[in-house]
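Undergrad: Questions regarding the structure given below will be posed in turn.
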Amino acid sequence: MSETTAYEALESVRALRELHAAIGTRLDGVLADARTEDEAAQAALMLLRVLAMSVEVSADGHPRAPHFTRMDTPGRKVGGDNPDAEYDSLRLNGAHRYRIRGNAGTVAHLSMTFTAAAGERRSTFDYRNQSSLGLDGDGDFTLVLAPTEPSEAGTWIKTPEGPYSILIRQFIGDRTQESLATYSVEVLDDAEQLALVPHRDGEIAAGIRGATGAFRFMTSLNRMVHPELFDTPHQFVITNSDALGADVSGMDNLYMLATYDLGADEALVVDLQPLDAVYWNIAVMTRFHETLNHRSRPTSRTNAEVTPEADGSIRLVLTHGRPVHPNWLDTAGHRYGVLILRWVGPRDAVVDPPSARVVAAEDLDAVLDAGR
């Protein structure tokens, strides 16, 4: 028996082979769903980006010596992330107690979603935002994460048995004006001894399988989040986390989603009535819920970055690289894609969805002039 064969029985080896197979399966899936060569090629890169994020968040998560993991990077905005946001993830375990200290900064919205595994999806066992973090007069907060009520000062988060995670969302209206929140985590009991315990086969396997599950899920969003919209482009639907699930959506948010299909000489004009919300943004994403070139192209806008019409309504104009309007959005070269509006606060509002109409590029200036 070779050494390689001898190690095949390790759970970590089996888990890695499962991940390897999942990569091939999801590649087949995105290639089947793509409609252009560009979509297929960029979807291949998207798989790598999701894989990198899944490994960093899940396989490298270390509940005995925990750290916050940045989910998005200057080149990575996958999984339907808001480009005007910062996302951090933390992997913990109910076998240990933790304390999180931080400051809320001045961002438009800050929230923490606490989830644990529940089959193929994750379920929420606690949720906090600025109003429930226990902020003091300086915006500082302390959370104590424990299965029973702690003696330490701070806001108690009752934790479940076994692994769980925290997703922190910071929604930013204007990066030149707002200060990001800051936070750190520590183990409360036997921290030094716990950090020295080596990773063993079963624990490593669990981390790899967690990464595999996240990879499968995040690369399949186009088949899970209102896939019927690809058959009826330019028609918005309204939903919230009750339907989408808290593992992919914020609990304070009302969402408006549509797909688009724009020829090379077409534009999409979107009109909406702004809601009474502390924050909103719109993002342009690929078929696979990835925002491309979000640092260099106007593929998203917030309520702080739009110019209203004379009647207070908001008009947005989506084009292929042609700046035609103060509220211009860029497709980043994609004929097909997804539009996602997030409204923070009015999650249960009953409102009309935005209207959208395709306009020939040669007629666009006249249409926009007529709307003034």
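Identifiers for the structure tokens are assigned positionally: chains receive A, B, ... in sequence, residues are indexed from 1 per chain, and ligands are indexed from 1 in the order shown.
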So which residues touch region 194-209 of chain A within 8 Å, counting only C-alpha atoms, skipping near sequence neighbours fewer than 5 positions away, as a list in words?

TA: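 In the requested form, the answer reads Leu10, Glu11, Ser12, Val13, Arg14, Ala15, Leu16, Glu18, Leu19, Val55, Ser58, Ala59, Asp60, Gly61, Arg64 and Ala65 of chain A.
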
Undergrad: Please list as a PyMOL selection string every residue within 10 Å of Glu161 (chain A), counting only C-alpha atoms and excluding residues in the same chain fewer than 6 positions away.

TA: chain A and resi 93-96+116+146-147

Undergrad: Which residues come within 8 Å of region 125-127 of chain A, counting only C-alpha atoms, excluding same-chain residues fewer than 5 positions away, as a ChimeraX atom specification?

TA: /A:111-116,157,159,251

Undergrad: Write out as a list in words the residues lying within 8 Å of His289 (chain A), counting only C-alpha atoms and excluding same-chain residues fewer than 5 positions away.

TA: Val78, Gly79, Gly80, Asp81, Leu221, Asn222 and Val338 of chain A

Undergrad: If you run DSSP on the backbone here, which positions in region 253-340 of chain A get strand (DSSP E)? Please write them as a PyMOL selection string.

TA: chain A and resi 253-261+266-272+279-285+300-302+314-319+328-330+336-340

Undergrad: In Å, with one decimal, what is the gap from CA of Trp156 (chain A) to CA of Thr106 (chain A)?

TA: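 It comes out at 23.4 Å.
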
Undergrad: May I ask which of the residues A:Ala243, A:Leu167, A:Val30, A:Leu48 is the closest one to Met71 (chain A), counting only C-alpha atoms?

TA: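 The shortest atom-to-atom distance to Met71 (chain A) comes from A:Leu167.
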
Undergrad: When you count only C-alpha atoms, which of these residues is closest to Val107 (chain A): A:Ser123, A:Thr176, A:Ser151, A:Ser165?

TA: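 The closest residue to Val107 (chain A) is A:Thr176.
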
Undergrad: Pick the closest to His320 (chain A) from A:Asn240, A:Ser220, A:Gln235, A:Thr299: which is it, counting only C-alpha atoms?

TA: A:Thr299

Undergrad: Show me, as a VMD selection string, the residues that have an atom within 9 Å of region 302-306 of chain A when counting only C-alpha atoms, minus same-chain residues fewer than 6 positions from it.

TA: chain A and resid 84 172 to 174 274 278 to 283 314 to 316 326 to 327
